[in-house]
Every structure is written in structure tokens, then in C-alpha cells.
file target_21.cif (mmCIF, C-alpha atoms)
data_run
#
loop_
_atom_site.label_atom_id
_atom_site.label_comp_id
_atom_site.auth_asym_id
_atom_site.auth_seq_id
_atom_site.Cartn_x
_atom_site.Cartn_y
_atom_site.Cartn_z
CA MET A 558 97.69 57.15 101.86
CA GLY A 559 97.36 55.62 98.37
CA LYS A 560 100.26 53.95 96.60
CA ASN A 561 100.14 56.52 93.80
CA LYS A 562 100.50 59.40 96.26
CA LEU A 563 103.41 57.68 98.02
CA GLN A 564 105.14 57.22 94.66
CA LYS A 565 104.75 60.91 93.92
CA PHE A 566 106.34 61.83 97.26
CA ASP A 567 109.21 59.42 96.55
CA ASP A 568 109.69 61.00 93.13
CA MET A 569 109.83 64.53 94.52
CA ASN A 570 112.42 63.58 97.11
CA LEU A 571 114.72 62.94 94.15
CA TYR A 572 113.81 66.01 92.08
CA PRO A 573 116.66 68.56 92.23
CA HIS A 574 114.29 71.53 91.83
CA VAL A 575 111.87 70.59 94.63
CA PHE A 576 112.54 71.73 98.19
CA GLN A 577 110.71 70.33 101.23
CA TYR A 578 111.58 71.74 104.63
CA PRO A 579 109.48 70.88 107.71
CA PHE A 580 109.21 73.62 110.32
CA SER A 581 111.38 71.75 112.82
CA ILE A 582 114.31 71.86 110.39
CA LEU A 583 113.73 75.54 109.60
CA GLN A 584 113.78 76.38 113.30
CA ASN A 585 116.94 74.46 114.01
CA GLU A 586 118.94 74.88 110.82
CA GLY A 587 117.28 77.57 108.71
CA PHE A 588 117.20 77.50 104.92
CA ASP A 589 120.63 77.77 103.36
CA MET A 590 119.42 79.35 100.09
CA LYS A 591 117.55 82.21 101.75
CA GLY A 592 118.77 85.33 99.97
CA LYS A 593 120.75 83.19 97.55
CA TRP A 594 118.20 81.67 95.19
CA ASN A 595 119.72 83.51 92.24
CA SER A 596 123.34 82.65 92.96
CA ILE A 597 122.99 79.08 94.26
CA PHE A 598 120.02 77.58 92.42
CA PHE A 599 119.10 79.61 89.33
CA LYS A 600 122.66 80.82 88.75
CA ASN A 601 121.54 84.10 87.20
CA ASP A 602 120.32 87.51 88.30
CA HIS A 603 116.85 87.32 86.73
CA PRO A 604 113.76 88.45 88.70
CA ILE A 605 112.11 85.87 90.97
CA VAL A 606 108.35 85.36 90.70
CA LEU A 607 106.32 83.25 93.17
CA GLU A 608 103.08 81.36 92.59
CA LEU A 609 101.42 80.90 95.97
CA GLY A 610 99.09 77.95 96.47
CA CYS A 611 100.38 76.67 93.15
CA GLY A 612 98.43 73.39 93.15
CA LYS A 613 99.55 71.50 90.05
CA GLY A 614 101.94 74.31 89.16
CA GLU A 615 100.24 75.40 85.94
CA TYR A 616 101.21 79.05 86.37
CA ALA A 617 104.76 78.41 87.53
CA VAL A 618 105.45 76.16 84.54
CA GLY A 619 103.42 78.17 82.03
CA LEU A 620 105.03 81.47 82.97
CA ALA A 621 108.50 79.93 83.02
CA ARG A 622 108.01 78.81 79.43
CA LYS A 623 106.88 82.25 78.31
CA TYR A 624 109.55 84.16 80.20
CA PRO A 625 112.96 82.47 80.15
CA ASN A 626 114.47 85.67 81.58
CA LYS A 627 112.54 85.30 84.83
CA ASN A 628 112.73 82.65 87.55
CA PHE A 629 109.54 81.06 88.90
CA ILE A 630 108.89 79.22 92.16
CA GLY A 631 105.63 77.39 92.87
CA ILE A 632 104.71 77.13 96.55
CA ASP A 633 102.13 74.80 98.09
CA ILE A 634 101.68 72.43 101.03
CA LYS A 635 100.01 69.78 98.86
CA GLY A 636 102.90 67.73 97.56
CA ALA A 637 100.85 65.27 95.52
CA ARG A 638 99.41 68.12 93.45
CA MET A 639 102.75 69.86 93.04
CA TRP A 640 104.22 66.68 91.56
CA THR A 641 102.46 67.35 88.23
CA GLY A 642 104.26 70.63 87.54
CA ALA A 643 107.50 69.41 89.08
CA LYS A 644 107.60 66.36 86.81
CA GLU A 645 106.63 68.32 83.69
CA SER A 646 109.28 70.98 84.23
CA LEU A 647 111.94 68.37 84.98
CA GLN A 648 111.17 66.31 81.89
CA SER A 649 111.18 69.49 79.79
CA GLY A 650 114.63 70.42 81.09
CA MET A 651 113.45 73.79 82.38
CA LYS A 652 116.09 75.66 84.38
CA ASN A 653 114.04 78.66 85.51
CA VAL A 654 111.39 76.94 87.63
CA ALA A 655 111.44 75.39 91.11
CA PHE A 656 108.93 74.18 93.67
CA LEU A 657 108.81 74.70 97.42
CA ARG A 658 106.61 72.59 99.67
CA THR A 659 105.69 74.62 102.72
CA THR A 660 102.90 76.70 104.19
CA ILE A 661 102.70 80.30 103.01
CA GLU A 662 102.84 81.49 106.62
CA LEU A 663 106.51 80.41 106.64
CA ILE A 664 107.48 82.25 103.47
CA THR A 665 109.88 84.65 105.20
CA TYR A 666 112.00 81.67 106.29
CA PHE A 667 112.84 81.04 102.63
CA PHE A 668 113.29 84.50 101.09
CA SER A 669 115.26 87.55 102.19
CA PRO A 670 113.97 91.14 102.05
CA GLY A 671 113.75 92.34 98.46
CA GLU A 672 114.50 88.92 96.94
CA VAL A 673 111.14 88.56 95.12
CA SER A 674 109.84 90.74 92.28
CA GLU A 675 106.26 89.48 91.80
CA ILE A 676 103.71 87.25 93.50
CA TRP A 677 100.86 85.39 91.81
CA ILE A 678 97.94 84.18 93.95
CA THR A 679 95.88 81.85 91.80
CA PHE A 680 92.47 80.62 92.94
CA PRO A 681 93.06 80.36 96.68
CA ASP A 682 90.43 79.31 99.20
CA PRO A 683 88.50 82.56 99.90
CA GLN A 684 88.43 81.80 103.64
CA MET A 685 85.12 83.62 104.02
CA LYS A 686 84.94 83.10 107.79
CA LYS A 687 88.61 83.56 108.71
CA VAL A 688 90.13 86.85 107.62
CA ARG A 689 93.61 85.99 108.92
CA LYS A 690 93.77 83.01 106.58
CA ARG A 691 92.91 84.97 103.44
CA LEU A 692 95.98 85.19 101.24
CA THR A 693 95.21 88.84 100.46
CA SER A 694 94.60 89.89 104.07
CA THR A 695 96.76 92.56 105.69
CA ARG A 696 98.42 89.79 107.71
CA PHE A 697 99.77 88.23 104.52
CA MET A 698 100.48 91.61 102.93
CA GLU A 699 102.94 92.21 105.76
CA LEU A 700 104.70 88.95 104.91
CA TYR A 701 104.77 89.70 101.18
CA ARG A 702 106.05 93.22 101.76
CA THR A 703 108.98 91.76 103.69
CA ILE A 704 110.26 89.70 100.76
CA LEU A 705 109.17 91.88 97.81
CA LYS A 706 111.38 94.40 96.10
CA PRO A 707 110.28 98.05 96.28
CA ASN A 708 107.23 98.43 94.02
CA GLY A 709 106.82 94.64 93.85
CA ILE A 710 103.66 93.46 92.09
CA ILE A 711 100.91 91.18 93.38
CA HIS A 712 98.44 89.44 91.05
CA LEU A 713 95.20 87.76 92.13
CA LYS A 714 93.06 85.54 89.91
CA SER A 715 89.93 84.18 91.54
CA ASP A 716 86.50 82.75 90.85
CA SER A 717 85.33 84.03 94.25
CA ASN A 718 83.35 87.25 94.26
CA PHE A 719 83.81 87.33 98.03
CA LEU A 720 87.61 87.24 97.91
CA PHE A 721 87.82 89.60 94.95
CA THR A 722 85.57 92.18 96.63
CA TYR A 723 87.53 91.89 99.86
CA THR A 724 90.86 92.26 98.05
CA CYS A 725 89.74 95.29 96.07
CA GLU A 726 88.62 96.96 99.29
CA MET A 727 91.91 96.08 101.02
CA VAL A 728 93.79 97.64 98.10
CA LYS A 729 91.59 100.73 98.24
CA VAL A 730 91.83 101.46 101.96
CA ASN A 731 95.60 101.01 101.91
CA HIS A 732 96.01 103.15 98.78
CA TYR A 733 97.92 100.56 96.78
CA PRO A 734 98.33 101.63 93.13
CA ILE A 735 96.18 99.41 90.89
CA ILE A 736 97.68 98.17 87.63
CA PHE A 737 94.57 96.42 86.33
CA GLN A 738 91.23 95.32 87.80
CA THR A 739 88.27 93.47 86.28
CA GLU A 740 85.34 91.35 87.41
CA ASP A 741 85.28 89.42 84.12
CA LEU A 742 88.78 88.79 82.86
CA TYR A 743 87.97 87.05 79.61
CA HIS A 744 85.56 89.78 78.51
CA SER A 745 87.69 92.67 79.75
CA GLY A 746 89.53 93.36 76.51
CA LEU A 747 92.87 92.94 78.26
CA LYS A 748 95.40 91.71 75.71
CA ASP A 749 97.83 89.69 77.78
CA ASP A 750 98.67 86.09 76.94
CA ILE A 751 99.94 85.51 80.50
CA LEU A 752 96.39 85.64 81.77
CA ASN A 753 95.32 82.94 79.33
CA ILE A 754 97.23 80.30 81.28
CA LYS A 755 94.44 78.39 82.97
CA THR A 756 94.77 76.34 86.13
CA PHE A 757 92.95 73.06 86.75
CA TYR A 758 90.40 74.76 89.01
CA GLU A 759 90.00 77.75 86.75
CA GLN A 760 88.85 75.61 83.84
CA GLN A 761 86.26 73.99 86.09
CA TRP A 762 84.87 77.39 87.09
CA LEU A 763 84.74 78.48 83.45
CA ASP A 764 82.94 75.28 82.50
CA ARG A 765 80.31 76.13 85.12
CA GLY A 766 79.79 79.55 83.57
CA LEU A 767 81.48 81.53 86.35
CA THR A 768 83.46 84.68 85.59
CA ILE A 769 87.12 85.01 86.51
CA LYS A 770 88.13 88.05 88.54
CA TYR A 771 91.59 89.59 88.33
CA ILE A 772 93.46 92.42 90.02
CA SER A 773 97.12 93.39 89.98
CA PHE A 774 98.58 96.10 92.18
CA ILE A 775 101.84 97.49 93.50
CA CYS A 776 102.53 96.43 97.07
CA GLU A 777 104.11 99.64 98.28
CA ASN A 778 105.57 99.85 101.76
CA ARG A 779 103.20 101.17 104.43
CA ASP A 780 103.89 102.08 108.06
CA ARG A 781 100.57 100.55 109.04
CA LEU A 782 98.09 98.49 107.08
CA ILE A 783 94.35 98.91 107.51
CA GLU A 784 92.09 95.88 107.51
CA PRO A 785 88.95 96.71 105.49
CA ASN A 786 85.70 96.99 107.41
CA ILE A 787 83.13 95.79 104.92
CA GLU A 788 80.27 93.29 104.84
CA ILE A 789 80.45 90.98 101.83
CA GLU A 790 77.90 88.43 100.72
CA TYR A 791 79.27 84.91 100.88
CA ASP A 792 79.78 82.90 97.69
CA ASN A 793 76.85 80.52 97.30
CA TYR A 794 78.82 77.63 95.79
CA ARG A 795 81.56 75.32 96.98
CA SER A 796 84.97 74.46 95.51
CA PHE A 797 85.56 71.26 93.59
CA ASN A 798 87.19 68.32 95.39
CA ARG A 799 88.61 70.33 98.27
CA SER A 800 88.60 68.35 101.50
CA LYS A 801 89.55 70.65 104.36
CA ARG A 802 89.95 67.73 106.70
CA SER A 803 92.51 65.95 104.53
CA GLU A 804 94.31 69.20 103.68
CA ASN A 805 94.69 70.22 107.32
CA LYS A 806 95.80 66.70 108.19
CA GLU A 807 98.58 66.81 105.60
CA LYS A 808 99.59 70.33 106.65
CA ASN A 809 99.92 69.39 110.32
CA LYS A 810 101.74 66.17 109.51
CA PHE A 811 104.25 68.05 107.35
CA LEU A 812 104.85 70.84 109.88
CA ASN A 813 105.49 68.38 112.71
CA LYS A 814 107.72 66.04 110.69
CA ASP A 815 111.32 65.79 111.90
#
call {"tool": "encode", "arguments": {"input": "target_21.cif", "output": "C-alpha cells"}}
result
Amino acid sequence: MGKNKLQKFDDMNLYPHVFQYPFSILQNEGFDMKGKWNSIFFKNDHPIVLELGCGKGEYAVGLARKYPNKNFIGIDIKGARMWTGAKESLQSGMKNVAFLRTTIELITYFFSPGEVSEIWITFPDPQMKKVRKRLTSTRFMELYRTILKPNGIIHLKSDSNFLFTYTCEMVKVNHYPIIFQTEDLYHSGLKDDILNIKTFYEQQWLDRGLTIKYISFICENRDRLIEPNIEIEYDNYRSFNRSKRSENKEKNKFLNKD
């Protein structure tokens, strides 16, 4: 591991708004702020919004600046990336943003039922071969539904036609109410300055001439979710600078850390 990455990890261990909990600790001790994020950390009753797979935290920080009456939490397993948003928000003195280093599969260990108002999923890996790993699969919808308030909102921004098509079909077969849906966000006519916050990866896709897909929908409670049965053509390009081997190595190391 490079010296720069080690320094970032050392920094985040001292940041008061960054929380890092390996699975072994969660199993044995739990998370003491579960159900108490508003009262213990944010010290207000404002809505909580999550950015899943937050990377550098562009959305968590950008949204927190635009909406001081909401609380934002960026979640990712990649601590070195998260450091960028964590440092920026700390230096700016922002009180309505936090970061949580964990895998999204463990999200229910950190939030109680109905504690979260909205979820943003920004440019995740489309997981074209592994449906259970897709962040908009019914498996993850079950997790989100557990922590979302009634009529909680989910947003997806993606460069991937595969993931967008899959998500739209998942929304359709489960009869989730759609708020907005477009295959070309920046030519859709949607007047919403929130959507103009661009992540590191998003700008790369735009520079390559790719269109950005967006859908937002209400994650209503369902007795049973239906996994869509649809054949979708794979994306014919690869993500920038994403090493699955190194990412999985860091994920396993973090989960097994005492």
C-alpha cells in the first residue's frame, strides 16, 4: 500500500465525521448510533439522505451544501477515495455530512427501520453477470426498504445502459411509482440543479460522449418483490481505473479486520 494511501487512512481515523466499523465489531458490539443518527451525531431532526458507493463523496458534499436542512451520509468500502469528500467537508466546517466506510450489504447494521428518507446510487458497477450484486436488484431493494421511511425515494444515475434498463424493468414489474426517468439526463429538459452535481466518473463518461441515464422512484413496501426476467445487451465498454482484484482485496481485508 502506498504511503499516500496510508496517510489518508491515518487522517480518516481522526476525522470526527467518518465511521469505520469492521464486521467483527458489528457482530460483537453493534453500532451505537443505529436509530440515533439525528440525536447523537447531527443533533437535529432533518431528513437523512444516503449516497451509496459514494467514491470521492461528490454527491454527499454537493448535496449537503445545497440543502443545509437535510443530513447526508456517503457510504463506500474504498476509504482512500472517500478521504477526498471527508477532508473537504471537514475543512469547510460542514455539520450536515458524514461518511461511513462499510459494504452496502451491511447497511441494516447501521440504520434502523424508517431512519432514512432518500437513497442516491451514483454510477455503481453494473454487475452485468451477477444480479445479486447489482445495487438496484431486488436483493438490495429489500435492504433499502428496511431502512427507508414510507414512500422513501431512490435515485439512480448511471452511464450503463445495461444497469439502467435492468433497473427500469425492476421498477416496472414491482409497480414502483416513477418520479422521473430519462435515458439522456442532460438533454431531458429537467430543470433540477441537484442533477448537475457531477461525480469524478460521470465527467469521464461525458467526456467520452456517453449519455447519462437517470431514474427516481418511490420504494413502496411490497409483500414480495419480483426479479425481472429480461435479456439485456451487455455494455461494450469498460469502466475507468476500476481494478476488481484490488477492490475485492480491500473489501475482504476490511471485513476481516479485528
call {"tool": "residues_around", "arguments": {"input": "target_21.cif", "residues": "stretch 569-576 of chain A", "least_positions_apart": "2", "cutoff": "8 Å", "atoms": "all atoms listed in the file", "output": "list in words"}}
result
Lys565, Phe566, Asp567, Tyr578, Trp640, Ala643, Leu647, Val654, Ala655, Phe656, Leu657 and Arg658 of chain A
call {"tool": "residues_around", "arguments": {"input": "target_21.cif", "residues": "A:Phe774", "least_positions_apart": "6", "cutoff": "7 Å", "atoms": "only C-alpha atoms", "output": "list of chain:residue names"}}
result
A:Ile710, A:Ile711, A:His712, A:Tyr733, A:Pro734, A:Ile735, A:Ile736
call {"tool": "atom_distance", "arguments": {"input": "target_21.cif", "atom1": "atom CA of A:Glu608", "atom2": "atom CA of A:Pro707"}}
result
18.5 Å
call {"tool": "atom_distance", "arguments": {"input": "target_21.cif", "atom1": "atom CA of A:Glu726", "atom2": "atom CA of A:Ile630"}}
result
27.9 Å
call {"tool": "resolve_selection", "arguments": {"input": "target_21.cif", "expression": "the PyMOL selection byres ((chain A and resi 759-773) around 6)", "output": "ChimeraX atom specification"}}
result
/A:711-716,736-742,755-758,774
call {"tool": "residues_near_point", "arguments": {"input": "target_21.cif", "point": "(76.5, 85.0, 96.4)", "cutoff": "12 Å", "atoms": "all atoms listed in the file", "output": "list in words"}}
result
Met685, Asp716, Ser717, Asn718, Phe719, Leu720, Thr722, Leu767, Ile789, Glu790, Tyr791, Asp792, Asn793, Tyr794 and Arg795 of chain A
call {"tool": "resolve_selection", "arguments": {"input": "target_21.cif", "expression": "the PyMOL selection byres ((chain A and resi 622) around 12)", "output": "JSON, numbers by chain"}}
result
{"A": [615, 616, 617, 618, 619, 620, 621, 623, 624, 625, 626, 627, 628, 629, 645, 646, 649, 650, 651, 652, 653, 654, 751, 754]}
call {"tool": "atom_distance", "arguments": {"input": "target_21.cif", "atom1": "atom CA of A:Asn561", "atom2": "atom CA of A:Met639"}}
result
13.6 Å
call {"tool": "closest_residue", "arguments": {"input": "target_21.cif", "among": "A:Leu607, A:Cys776, A:Leu663, A:Ile787", "to": "A:Met698", "atoms": "all atoms listed in the file"}}
result
A:Cys776
